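A.B. asks: Here it is, the structure in full.
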Amino acid sequence: MHGLMMQQPLLVASLLTHAERHHGGQEIVSRRVEGDIHRYCYRDLAQRARKLANALAGLGINQGERVGTLAWNGYRHMELYFAVSGSGAVLHTLNPRLHVDQLAYIIDHADDRVIFFDLTFLPLIESVASRIKSPKVFVAMTDRASMPAKHDLPIMLLCYEDLIDGHRDDFSWPLLDENHASSLCYTSGTTGNPKGVLYSHRSTILHTYAAALPDSLNCSARDVILPVVPMFHVNAWGLPYIACMVGAKLVFPGPALDGKSLYELIEAEQVTLSAGVPTVWQGLLRHVAERGTTFTSMRRTIVGGAPCPTAMTTEFQERYQVDVLHAWGMTELSPVGTVCSFKAHHLSWPTPQRYAVQAKQGRGVFGIDMRIVGPDGEELSWDGQVTGDLQVRGPWVTSGYFGSEDASPLSDGWFPTGDVAKIDPDGFMQITDRSKDVIKSGGEWISSIDIENVACLHPEVASAVCIAARHPKWDERPLLLIVKKPESALGGDELLEFFDGRVAKWWKPDAVVFVDAVPLGATGKVLKNQLRDQFRDYYLTA
Ligand code: AMP
C-alpha cells in the first residue's frame, strides 16, 4: 500500500553497520587468552568482521550452514558473532563446560562445518575431534606466533589471523529474510540430549531493542559494559548486540573470571554495568571485601541465571552503592524474559519491602507475554500467592528445538518454562520451584537423569535418585541418594570415584546419602519433590 513504512528486514549485520557509523571510535577492550589486554574500536571490529566474512566464503561456508565457536568472551568471538550471522551462516556457540561426549553430540547434531576455538580449548578440541563424524575445519583464534607447535587434530589447523589477513575488508552484508536463522545455542536445561535453540535475525533484533530499554537491562552510549556471562551461554544475554545498538564501550574478561581479575578489569576500564550469575559475583564481592576497597565506577549489575540472594543485593547496594538488577530468562527466550526494575510507587517503600521486591525475578519486558497455569492448564490469578507452571510466548521465544523430531514443546501456543512461579498484582514474577528435573550449578546445567544413569551402572546400586540441593557457593549441587543392593558394602567415596571419566568433573555429585528406600508414587515414579523437601538443605547443614 502507498505511504506505508519501508520494508526493511531486521538483520544482525545492521547492528554492526550502525555501531561503525555512529560509534566507530567507541572502544572494545578484551583480556586475551594470551594474558594481555587488547583494545580496538567498533570501526576495527566492523572492518575485521568483513574480512572474516570473506574468509568464511573462502572456506566454502554457505548461507544457513553452522559455524561453531568454542571461545571465551573476547573481540575475536565478537567478530565471529557478526561475520557468521551477517553473511547468512549460523553462529553456533559451544559450551566448553560440557562433557566431551556431549560436545561431540552437539557438533554432529548441528553439523558444524568449521569450528573456531580459543587456545585454552585445544586439548578439548583434540578429544572432540576423534569423536565427531564428518571432517571439520578447525581454526585457532590466535596469531601465527602463538599457534601451537604440534597438535593431535586429524586435519589441518588454521590460524585465525592468517585466515583473515589474506582477505579484503569490503564485504556487502546480504539482504537476508529477517526470519533467516542467525545463531544457535544448545541447552541441557531439559532431560535427555541437549537441545538446540535457533534464533533468527528478527528475534535477535527485537530482543536487542527490548533488552536495552531503561526498565530492562538499561544500557546506553554512556555505559561501559562488562559481560561476565559467557558468549557461549545464550549470546551473553544479548549484550554484544545491545552494546552495538546503543554504542556502549565493551569490556571482555576472557578466561579470567576470578574476583581479583574481574575487579582489576572493572577498575582499570571504569566499568559502569556488569552482568553475570550469582556464583561469579560471590567471588568478586569476597575479593573486594578482603581488600577493603570499593567500586569507583560500577553503578549497576545484572544478576540472573539463578536466584539472586537478598544478602548479595544488600551487599552490592548498601556497601558499594551498586544497584542490583535481578533478571530471569532462558536459552529458549534469547534469553531475557523478566527484569526486576522498580515501579514509581516502590521507591517510597521501606527498605525491607524493597528488598522483598528485588528478590523477585521481575516483570515481563514488552514482547514477553507470561502466565501461570494450574495442573489442568487453567490460568491462575496474579495475586502474589498462588503458584503455577510458568508459561511464556513472544517473538523471541522458541517454537521448538532445532532438528528435533519430538512433538512441539508448546502447550496451546505457550512455551512451558519448567519453572514454577507466582505473579503479584504489579506483574512481578517470582520463581518458587522448578518442575524440570535438572540442577543448576554456578549458572550451568547438570542433568540429574544422566547422573542417575551412571550410578545405576554400578553393580552394587539398586536404585539411584539425584536431586538439586542448595549450596552456599554454587547455588545448587547434585546430591545422590542411593539404595544399595542387599549385602553390598559400597561406600560413598567408592561410588563417587565410579563417576570419574563418565561425566564432566563438575557434574560429579558432592555427596552420596545411602537410604533404605525411595518414596514412590502410585505409578511407580520416584516422588522427587518429597526427597527434595527432605534433603534440599543437605549442603547447608552438612
Ligand atoms: P538457561 O537456559 O541455561 O539460561 O536457564 C534458564 C533457567 O535458569 C530458567 O528456566 C530458570 O530455571 C533458571 N533461572 C534463570 N534466571 C533465574 C533467576 N533469576 N532466578 C531463578 N532461576 C533462574
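Identifiers in this document derive from the order of the C-alpha cells: chains are assigned A, B, ..., residues are numbered from 1 separately in each chain, and ligands are numbered from 1 in order of occurrence.
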Using only C-alpha atoms and all ligand atoms, which residues of the polymer chains come no farther than 7 Å from ligand 1? I'd like the answer as JSON, numbers by chain.
C.D. replies: {"A": [187, 189, 234, 303, 304, 305, 306, 307, 308, 326, 327, 328, 329, 330, 331, 332, 335, 361, 417, 418, 419, 431, 434, 443, 444, 445]}
A.B. asks: Could you write those residues out with N, CA and C atoms, as a compact mmCIF listing (two decimals), in the first residue's frame?
C.D. replies:
```txt
# COMPACT_ATOMS: atom_id res chain seq x y z
N THR A 187 20.90 -26.20 24.87
CA THR A 187 20.66 -26.13 26.30
C THR A 187 20.47 -27.53 26.84
N GLY A 189 18.98 -27.77 29.58
CA GLY A 189 18.00 -27.41 30.60
C GLY A 189 16.86 -28.39 30.73
N VAL A 234 23.74 -18.42 25.76
CA VAL A 234 22.70 -17.53 25.21
C VAL A 234 23.26 -16.17 24.82
N VAL A 303 22.03 -9.47 37.62
CA VAL A 303 22.23 -10.79 38.21
C VAL A 303 21.12 -11.70 37.72
N GLY A 304 21.49 -12.79 37.10
CA GLY A 304 20.47 -13.70 36.56
C GLY A 304 21.02 -15.09 36.40
N GLY A 305 20.21 -15.96 35.83
CA GLY A 305 20.62 -17.34 35.61
C GLY A 305 20.30 -18.22 36.80
N ALA A 306 20.21 -17.62 37.96
CA ALA A 306 19.87 -18.30 39.22
C ALA A 306 19.35 -17.21 40.14
N PRO A 307 18.61 -17.58 41.19
CA PRO A 307 18.05 -16.53 42.04
C PRO A 307 19.13 -15.69 42.71
N CYS A 308 18.91 -14.40 42.78
CA CYS A 308 19.88 -13.52 43.43
C CYS A 308 19.52 -13.43 44.91
N HIS A 326 17.89 -7.73 39.11
CA HIS A 326 17.65 -9.17 39.10
C HIS A 326 16.84 -9.49 37.84
N ALA A 327 17.30 -10.47 37.08
CA ALA A 327 16.63 -10.78 35.81
C ALA A 327 16.44 -12.28 35.68
N TRP A 328 15.44 -12.64 34.94
CA TRP A 328 15.16 -14.06 34.67
C TRP A 328 15.05 -14.26 33.15
N GLY A 329 15.60 -15.37 32.72
CA GLY A 329 15.47 -15.68 31.30
C GLY A 329 15.85 -17.12 31.06
N MET A 330 15.84 -17.50 29.80
CA MET A 330 16.17 -18.87 29.41
C MET A 330 16.80 -18.86 28.03
N THR A 331 17.56 -19.91 27.74
CA THR A 331 18.10 -20.06 26.39
C THR A 331 16.96 -19.98 25.37
N GLU A 332 15.84 -20.59 25.72
CA GLU A 332 14.69 -20.62 24.81
C GLU A 332 14.06 -19.24 24.62
N PRO A 335 17.94 -14.38 25.92
CA PRO A 335 17.19 -15.07 26.96
C PRO A 335 16.25 -14.19 27.77
N GLN A 361 11.90 -12.18 40.43
CA GLN A 361 12.63 -12.22 39.14
C GLN A 361 12.19 -11.08 38.22
N THR A 417 7.97 -23.19 30.68
CA THR A 417 9.35 -22.89 31.05
C THR A 417 9.98 -23.96 31.95
N GLY A 418 9.12 -24.75 32.61
CA GLY A 418 9.66 -25.70 33.59
C GLY A 418 9.94 -25.03 34.92
N ASP A 419 9.63 -23.76 35.02
CA ASP A 419 9.74 -23.06 36.30
C ASP A 419 8.36 -22.93 36.91
N ILE A 431 9.99 -16.86 41.05
CA ILE A 431 10.13 -18.31 40.90
C ILE A 431 10.15 -18.94 42.29
N ARG A 434 10.96 -25.53 40.62
CA ARG A 434 11.23 -25.91 39.23
C ARG A 434 10.58 -27.26 39.00
N GLY A 443 25.36 -21.54 37.45
CA GLY A 443 24.80 -21.00 36.21
C GLY A 443 24.77 -21.99 35.06
N GLU A 444 25.29 -23.20 35.26
CA GLU A 444 25.30 -24.19 34.18
C GLU A 444 24.55 -25.45 34.61
N TRP A 445 23.97 -26.15 33.63
CA TRP A 445 23.08 -27.27 33.93
C TRP A 445 23.81 -28.59 34.15
```
A.B. asks: Which residues are near A:His38? Cut-off 9 Å, only C-alpha atoms, ignore same chain within fewer than 6 positions. Put them as a PyMOL selection string.
C.D. replies: chain A and resi 28-32+75
A.B. asks: Identify all residues of stretch 360-478 of chain A in alpha helix (DSSP H) (DSSP on the backbone) and supply them as an MDAnalysis selection string.
C.D. replies: chainID A and resid 448:457
A.B. asks: What does the file look like for those residues with C-alpha atoms, as a PDB file, in the first residue's frame?
C.D. replies:
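As written to disk, selection09.pdb reads:
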```pdb
ATOM      1  CA  SER A 448      20.014 -35.471  37.143  1.00  0.00           C
ATOM      2  CA  ILE A 449      18.891 -38.270  34.835  1.00  0.00           C
ATOM      3  CA  ASP A 450      22.396 -38.651  33.416  1.00  0.00           C
ATOM      4  CA  ILE A 451      23.835 -38.828  36.937  1.00  0.00           C
ATOM      5  CA  GLU A 452      21.260 -41.447  37.941  1.00  0.00           C
ATOM      6  CA  ASN A 453      22.020 -43.479  34.820  1.00  0.00           C
ATOM      7  CA  VAL A 454      25.734 -43.543  35.622  1.00  0.00           C
ATOM      8  CA  ALA A 455      25.077 -44.537  39.257  1.00  0.00           C
ATOM      9  CA  CYS A 456      22.821 -47.363  38.108  1.00  0.00           C
ATOM     10  CA  LEU A 457      25.664 -48.791  36.008  1.00  0.00           C
TER      11      LEU A 457
END
```
A.B. asks: Write out as number ranges by chain the set of residues from stretch 149-389 of chain A that DSSP, computed on the backbone, places in strand (DSSP E or B).
C.D. replies: A: 157-159, 181-187, 195-200, 224-227, 249-252, 273-276, 300-303, 323-329, 336-339, 362-364, 369-373, 379, 388-389
A.B. asks: I'd like to know which of A:Leu479, A:Asp389, A:His346, A:Pro459 is closest to A:Ser435, using only C-alpha atoms.
C.D. replies: A:Asp389
A.B. asks: Neighbouring residues of A:Gly384 were defined as those with any atom within 12 Å, considering only C-alpha atoms; residues of the same chain fewer than 6 positions away were excluded. Please report them as a ChimeraX atom specification.
C.D. replies: /A:357,360,372,421-432
A.B. asks: Using only C-alpha atoms, determine which residues lie at most 8 Å from stretch 90-101 of chain A, disregarding the query and same-chain residues fewer than 2 positions distant; provide the list as a ChimeraX atom specification.
C.D. replies: /A:63-71,80-81,84-85,88,103-105,110,112,121,124,127-128,131,181-186,231-233,235,503-504
A.B. asks: With C-alpha atoms kept, could you save the residues just selected as a JSON list (two decimals), in the first residue's frame?
C.D. replies:
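Printed below is again.json as written:
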```json
[["chain", "number", "residue", "atom", "x", "y", "z"],
["A", 63, "GLN", "CA", 24.15, -19.45, 3.94],
["A", 64, "GLY", "CA", 22.32, -21.46, 6.56],
["A", 65, "GLU", "CA", 25.37, -23.60, 7.43],
["A", 66, "ARG", "CA", 26.56, -23.74, 11.01],
["A", 67, "VAL", "CA", 29.85, -22.35, 12.23],
["A", 68, "GLY", "CA", 30.87, -23.47, 15.71],
["A", 69, "THR", "CA", 32.75, -21.43, 18.28],
["A", 70, "LEU", "CA", 34.37, -22.67, 21.47],
["A", 71, "ALA", "CA", 35.58, -19.45, 22.97],
["A", 80, "LEU", "CA", 32.54, -14.17, 14.60],
["A", 81, "TYR", "CA", 29.16, -13.12, 16.00],
["A", 84, "VAL", "CA", 28.92, -15.52, 10.65],
["A", 85, "SER", "CA", 25.36, -14.30, 11.19],
["A", 88, "GLY", "CA", 23.85, -15.66, 6.41],
["A", 103, "LEU", "CA", 30.08, -31.64, 22.79],
["A", 104, "ALA", "CA", 30.64, -34.23, 20.09],
["A", 105, "TYR", "CA", 26.92, -34.99, 20.04],
["A", 110, "ALA", "CA", 24.28, -29.16, 14.43],
["A", 112, "ASP", "CA", 29.06, -27.60, 12.20],
["A", 121, "PHE", "CA", 40.41, -25.34, 24.40],
["A", 124, "LEU", "CA", 39.24, -30.30, 24.44],
["A", 127, "SER", "CA", 39.41, -35.04, 22.30],
["A", 128, "VAL", "CA", 36.27, -33.95, 20.49],
["A", 131, "ARG", "CA", 34.56, -38.43, 18.33],
["A", 181, "ALA", "CA", 18.48, -18.25, 11.25],
["A", 182, "SER", "CA", 21.28, -16.23, 12.84],
["A", 183, "SER", "CA", 22.56, -18.24, 15.79],
["A", 184, "LEU", "CA", 22.16, -21.49, 17.62],
["A", 185, "CYS", "CA", 22.66, -22.40, 21.26],
["A", 186, "TYR", "CA", 22.12, -25.81, 22.85],
["A", 231, "MET", "CA", 29.21, -15.54, 24.99],
["A", 232, "PHE", "CA", 28.65, -19.30, 24.72],
["A", 233, "HIS", "CA", 25.66, -19.08, 27.06],
["A", 235, "ASN", "CA", 24.86, -14.96, 23.45],
["A", 503, "VAL", "CA", 30.71, -37.34, 33.38],
["A", 504, "ALA", "CA", 32.30, -33.90, 33.34]]
```
A.B. asks: So that I can see what lies close to A:Gly254, please list as a ChimeraX atom specification the residues with an atom at most 12 Å from it, counting only C-alpha atoms and leaving out residues fewer than 2 positions away in the same chain.
C.D. replies: /A:29-38,71-78,118-120,226-232,251-252,256-258,261-262,265
A.B. asks: Generate a file of the selected residues that holds C-alpha atoms, formatted as a PDB file, in the first residue's frame.
C.D. replies:
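Saved as out-v8.pdb:
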```
ATOM      1  CA  VAL A  29      38.648  -3.967  25.379  1.00  0.00           C
ATOM      2  CA  SER A  30      39.459  -7.658  25.791  1.00  0.00           C
ATOM      3  CA  ARG A  31      41.598  -9.625  28.169  1.00  0.00           C
ATOM      4  CA  ARG A  32      43.030 -12.271  25.904  1.00  0.00           C
ATOM      5  CA  VAL A  33      43.764 -15.927  26.475  1.00  0.00           C
ATOM      6  CA  GLU A  34      47.387 -14.923  25.875  1.00  0.00           C
ATOM      7  CA  GLY A  35      47.108 -12.866  29.110  1.00  0.00           C
ATOM      8  CA  ASP A  36      47.488  -9.371  27.700  1.00  0.00           C
ATOM      9  CA  ILE A  37      44.886  -6.666  27.131  1.00  0.00           C
ATOM     10  CA  HIS A  38      43.755  -5.939  23.597  1.00  0.00           C
ATOM     11  CA  ALA A  71      35.581 -19.451  22.966  1.00  0.00           C
ATOM     12  CA  TRP A  72      35.645 -17.042  25.890  1.00  0.00           C
ATOM     13  CA  ASN A  73      34.306 -13.515  25.790  1.00  0.00           C
ATOM     14  CA  GLY A  74      36.638 -11.562  23.543  1.00  0.00           C
ATOM     15  CA  TYR A  75      36.900  -9.431  20.423  1.00  0.00           C
ATOM     16  CA  ARG A  76      37.565 -12.305  18.023  1.00  0.00           C
ATOM     17  CA  HIS A  77      34.451 -14.046  19.279  1.00  0.00           C
ATOM     18  CA  MET A  78      32.563 -10.789  18.700  1.00  0.00           C
ATOM     19  CA  ASP A 118      40.389 -20.277  21.781  1.00  0.00           C
ATOM     20  CA  LEU A 119      43.787 -21.818  22.501  1.00  0.00           C
ATOM     21  CA  THR A 120      42.664 -22.784  26.010  1.00  0.00           C
ATOM     22  CA  LEU A 226      31.343  -5.983  31.204  1.00  0.00           C
ATOM     23  CA  PRO A 227      29.547  -9.176  30.164  1.00  0.00           C
ATOM     24  CA  VAL A 228      30.891 -11.819  32.533  1.00  0.00           C
ATOM     25  CA  VAL A 229      28.097 -14.110  31.418  1.00  0.00           C
ATOM     26  CA  PRO A 230      29.731 -16.186  28.663  1.00  0.00           C
ATOM     27  CA  MET A 231      29.215 -15.540  24.990  1.00  0.00           C
ATOM     28  CA  PHE A 232      28.649 -19.302  24.723  1.00  0.00           C
ATOM     29  CA  VAL A 251      34.939  -4.918  28.171  1.00  0.00           C
ATOM     30  CA  PHE A 252      35.522  -8.647  27.708  1.00  0.00           C
ATOM     31  CA  ALA A 256      39.921 -14.805  33.966  1.00  0.00           C
ATOM     32  CA  LEU A 257      36.669 -14.849  35.929  1.00  0.00           C
ATOM     33  CA  ASP A 258      38.073 -14.879  39.467  1.00  0.00           C
ATOM     34  CA  SER A 261      40.908 -10.373  37.813  1.00  0.00           C
ATOM     35  CA  LEU A 262      37.370  -9.090  37.422  1.00  0.00           C
ATOM     36  CA  LEU A 265      39.399  -5.047  34.951  1.00  0.00           C
TER      37      LEU A 265
END
```
A.B. asks: I need the residue nearest A:Glu267 from this list: A:Phe402, A:Phe295, A:Phe415, A:Phe138. Use only C-alpha atoms for the distance.
C.D. replies: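 Between A:Phe402, A:Phe295, A:Phe415, A:Phe138, the residue approaching A:Glu267 most closely is A:Phe295.
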A.B. asks: Using only C-alpha atoms, determine which residues lie at most 12 Å from A:His345, disregarding the query and same-chain residues fewer than 3 positions distant; provide the list as a VMD selection string.
C.D. replies: chain A and resid 341 to 342 348 to 350 353 to 354 357 426
A.B. asks: Export N, CA and C atoms of the chosen residues as a PDB file, in the first residue's frame?
C.D. replies:
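Saved to result-v9.pdb:
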```
ATOM      1  N   SER A 341      12.814  -4.277  37.740  1.00  0.00           N
ATOM      2  CA  SER A 341      13.016  -2.825  37.873  1.00  0.00           C
ATOM      3  C   SER A 341      11.834  -2.279  38.665  1.00  0.00           C
ATOM      4  N   PHE A 342      12.128  -1.402  39.593  1.00  0.00           N
ATOM      5  CA  PHE A 342      11.063  -0.842  40.426  1.00  0.00           C
ATOM      6  C   PHE A 342      10.054  -0.057  39.600  1.00  0.00           C
ATOM      7  N   SER A 348       9.122   4.681  47.451  1.00  0.00           N
ATOM      8  CA  SER A 348       8.876   5.206  48.795  1.00  0.00           C
ATOM      9  C   SER A 348       8.649   4.085  49.818  1.00  0.00           C
ATOM     10  N   TRP A 349       8.779   2.839  49.376  1.00  0.00           N
ATOM     11  CA  TRP A 349       8.555   1.725  50.310  1.00  0.00           C
ATOM     12  C   TRP A 349       9.727   1.625  51.294  1.00  0.00           C
ATOM     13  N   PRO A 350       9.472   1.102  52.492  1.00  0.00           N
ATOM     14  CA  PRO A 350      10.573   0.874  53.442  1.00  0.00           C
ATOM     15  C   PRO A 350      11.585  -0.122  52.861  1.00  0.00           C
ATOM     16  N   GLN A 353      10.925  -3.944  52.459  1.00  0.00           N
ATOM     17  CA  GLN A 353       9.938  -4.272  51.432  1.00  0.00           C
ATOM     18  C   GLN A 353      10.516  -4.132  50.025  1.00  0.00           C
ATOM     19  N   ARG A 354      11.403  -3.157  49.891  1.00  0.00           N
ATOM     20  CA  ARG A 354      12.029  -3.021  48.567  1.00  0.00           C
ATOM     21  C   ARG A 354      12.946  -4.219  48.280  1.00  0.00           C
ATOM     22  N   VAL A 357      10.900  -6.989  47.027  1.00  0.00           N
ATOM     23  CA  VAL A 357      10.591  -6.850  45.592  1.00  0.00           C
ATOM     24  C   VAL A 357      11.787  -7.322  44.770  1.00  0.00           C
ATOM     25  N   ASP A 426       1.236  -6.360  40.755  1.00  0.00           N
ATOM     26  CA  ASP A 426       2.045  -5.410  39.984  1.00  0.00           C
ATOM     27  C   ASP A 426       2.701  -6.058  38.769  1.00  0.00           C
TER      28      ASP A 426
END
```
